[in-house]
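As stored in my_file.pdb (PDB, C-alpha atoms, pLDDT in the B column):
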```
MODEL        1
ATOM      1  CA  MET I   1      -1.517  37.297  31.912  1.00 47.00           C
ATOM      2  CA  ARG I   2      -2.479  33.771  32.894  1.00 52.00           C
ATOM      3  CA  MET I   3      -2.886  32.577  36.384  1.00 54.00           C
ATOM      4  CA  ASP I   4      -1.228  29.365  37.474  1.00 56.00           C
ATOM      5  CA  GLY I   5      -4.530  27.473  37.531  1.00 56.00           C
ATOM      6  CA  ASP I   6      -5.360  28.434  33.928  1.00 63.00           C
ATOM      7  CA  GLN I   7      -2.091  27.100  32.587  1.00 67.00           C
ATOM      8  CA  GLY I   8      -2.627  23.746  34.289  1.00 68.00           C
ATOM      9  CA  ARG I   9      -6.151  23.552  32.909  1.00 77.00           C
ATOM     10  CA  GLY I  10      -4.852  24.078  29.368  1.00 85.00           C
ATOM     11  CA  ARG I  11      -2.342  21.304  29.779  1.00 87.00           C
ATOM     12  CA  LEU I  12      -4.972  19.010  31.252  1.00 88.00           C
ATOM     13  CA  SER I  13      -7.387  19.584  28.377  1.00 89.00           C
ATOM     14  CA  SER I  14      -4.571  19.035  25.866  1.00 91.00           C
ATOM     15  CA  PHE I  15      -3.680  15.783  27.632  1.00 91.00           C
ATOM     16  CA  VAL I  16      -7.298  14.614  27.574  1.00 93.00           C
ATOM     17  CA  ILE I  17      -7.749  15.465  23.902  1.00 93.00           C
ATOM     18  CA  GLY I  18      -4.493  13.682  23.059  1.00 93.00           C
ATOM     19  CA  GLY I  19      -5.649  10.628  25.000  1.00 93.00           C
ATOM     20  CA  VAL I  20      -8.958  10.514  23.135  1.00 93.00           C
ATOM     21  CA  VAL I  21      -7.243  10.846  19.753  1.00 93.00           C
ATOM     22  CA  GLY I  22      -4.684   8.193  20.683  1.00 93.00           C
ATOM     23  CA  ALA I  23      -7.355   5.777  21.893  1.00 93.00           C
ATOM     24  CA  SER I  24      -9.388   6.190  18.714  1.00 93.00           C
ATOM     25  CA  ALA I  25      -6.255   5.547  16.618  1.00 92.00           C
ATOM     26  CA  ALA I  26      -5.538   2.386  18.616  1.00 91.00           C
ATOM     27  CA  LEU I  27      -9.090   1.145  18.094  1.00 90.00           C
ATOM     28  CA  ALA I  28      -8.913   1.836  14.367  1.00 89.00           C
ATOM     29  CA  ALA I  29      -5.614  -0.038  14.112  1.00 88.00           C
ATOM     30  CA  ALA I  30      -7.064  -3.005  15.993  1.00 85.00           C
ATOM     31  CA  ARG I  31     -10.041  -3.134  13.618  1.00 83.00           C
ATOM     32  CA  ARG I  32      -7.749  -3.027  10.604  1.00 80.00           C
ATOM     33  CA  ARG I  33      -5.531  -5.763  11.952  1.00 76.00           C
ATOM     34  CA  ARG I  34      -8.524  -7.995  12.577  1.00 72.00           C
ATOM     35  CA  GLY I  35      -9.884  -7.061   9.159  1.00 63.00           C
ATOM     36  CA  ARG I  36     -11.872  -9.252   6.865  1.00 65.00           C
ATOM     37  CA  ALA I  37     -11.080 -12.556   5.281  1.00 66.00           C
ATOM     38  CA  PRO I  38      -8.868 -12.038   2.240  1.00 66.00           C
ATOM     39  CA  ARG I  39     -10.776 -12.140  -1.014  1.00 69.00           C
ATOM     40  CA  GLU I  40      -9.875 -14.741  -3.561  1.00 72.00           C
ATOM     41  CA  ARG I  41      -8.181 -13.119  -6.512  1.00 66.00           C
ATOM     42  CA  ARG I  42      -9.120 -14.309  -9.940  1.00 75.00           C
ATOM     43  CA  ALA I  43      -6.611 -12.219 -11.843  1.00 70.00           C
ATOM     44  CA  PRO I  44      -3.030 -13.468 -12.190  1.00 70.00           C
ATOM     45  CA  GLN I  45      -0.480 -11.786  -9.961  1.00 74.00           C
ATOM     46  CA  GLY I  46       3.119 -10.751 -10.246  1.00 77.00           C
ATOM     47  CA  LEU I  47       5.169 -11.814 -13.236  1.00 77.00           C
ATOM     48  CA  GLN I  48       2.418 -14.099 -14.483  1.00 76.00           C
ATOM     49  CA  ALA I  49       0.141 -11.075 -15.001  1.00 75.00           C
ATOM     50  CA  PHE I  50       2.888  -9.195 -16.845  1.00 76.00           C
ATOM     51  CA  GLU I  51       3.785 -12.094 -19.114  1.00 75.00           C
ATOM     52  CA  GLY I  52       0.174 -12.410 -20.220  1.00 74.00           C
ATOM     53  CA  ALA I  53      -0.048  -8.764 -21.257  1.00 79.00           C
ATOM     54  CA  PRO I  54      -0.190  -8.075 -25.019  1.00 81.00           C
ATOM     55  CA  CYS I  55       2.611  -5.502 -24.806  1.00 85.00           C
ATOM     56  CA  PHE I  56       4.952  -8.104 -23.296  1.00 81.00           C
ATOM     57  CA  ARG I  57       4.151 -10.641 -25.999  1.00 82.00           C
ATOM     58  CA  GLU I  58       4.831  -8.003 -28.660  1.00 88.00           C
ATOM     59  CA  ILE I  59       8.222  -7.213 -27.129  1.00 86.00           C
ATOM     60  CA  VAL I  60       9.169 -10.887 -26.934  1.00 86.00           C
ATOM     61  CA  GLU I  61       8.162 -11.413 -30.567  1.00 90.00           C
ATOM     62  CA  ARG I  62      10.104  -8.306 -31.669  1.00 91.00           C
ATOM     63  CA  GLU I  63      13.218  -9.494 -29.808  1.00 91.00           C
ATOM     64  CA  ARG I  64      12.892 -12.963 -31.329  1.00 91.00           C
ATOM     65  CA  THR I  65      12.663 -11.436 -34.822  1.00 92.00           C
ATOM     66  CA  LEU I  66      15.719  -9.247 -34.188  1.00 91.00           C
ATOM     67  CA  GLU I  67      17.719 -12.209 -32.893  1.00 90.00           C
ATOM     68  CA  GLU I  68      16.782 -14.306 -35.921  1.00 89.00           C
ATOM     69  CA  ALA I  69      17.743 -11.441 -38.253  1.00 89.00           C
ATOM     70  CA  ARG I  70      21.041 -10.870 -36.456  1.00 87.00           C
ATOM     71  CA  PHE I  71      22.197 -14.470 -36.162  1.00 84.00           C
ATOM     72  CA  GLY I  72      20.239 -16.116 -38.946  1.00 76.00           C
ATOM     73  CA  ASP I  73      20.315 -19.908 -39.087  1.00 61.00           C
ATOM     74  CA  GLN I  74      23.408 -21.096 -37.274  1.00 60.00           C
TER
ENDMDL
END
```

Could you show the structure in this file as structure tokens?
Amino acid sequence: MRMDGDQGRGRLSSFVIGGVVGASAALAAARRRRGRAPRERRAPQGLQAFEGAPCFREIVERERTLEEARFGDQ
């Protein structure tokens, strides 16, 4: 059975450990937020990157061929 003083000591140590963990998380978040300067990207982004992909060009060409076959010269 625990004595009253032992229970308070357990809570105190838990509080201290939680404070240390919380402080380290806050410091890590502050470092991340400050971060580094963003690197310049050389590769295209977003839709521009997708449109340049060979698979996209193949799909566009296939659709164009199907449309021409379906509608012919109108």

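Atom CA of Ala69 of chain I is found 23.7 Å from atom CA of Glu51 of chain I.
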
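Our summary of the geometry notes that atom CA of Phe71 of chain I is positioned 28.7 Å from atom CA of Leu47 of chain I.
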
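Our summary of the geometry notes that atom CA of Arg62 of chain I is positioned 19.6 Å from atom CA of Ala49 of chain I.
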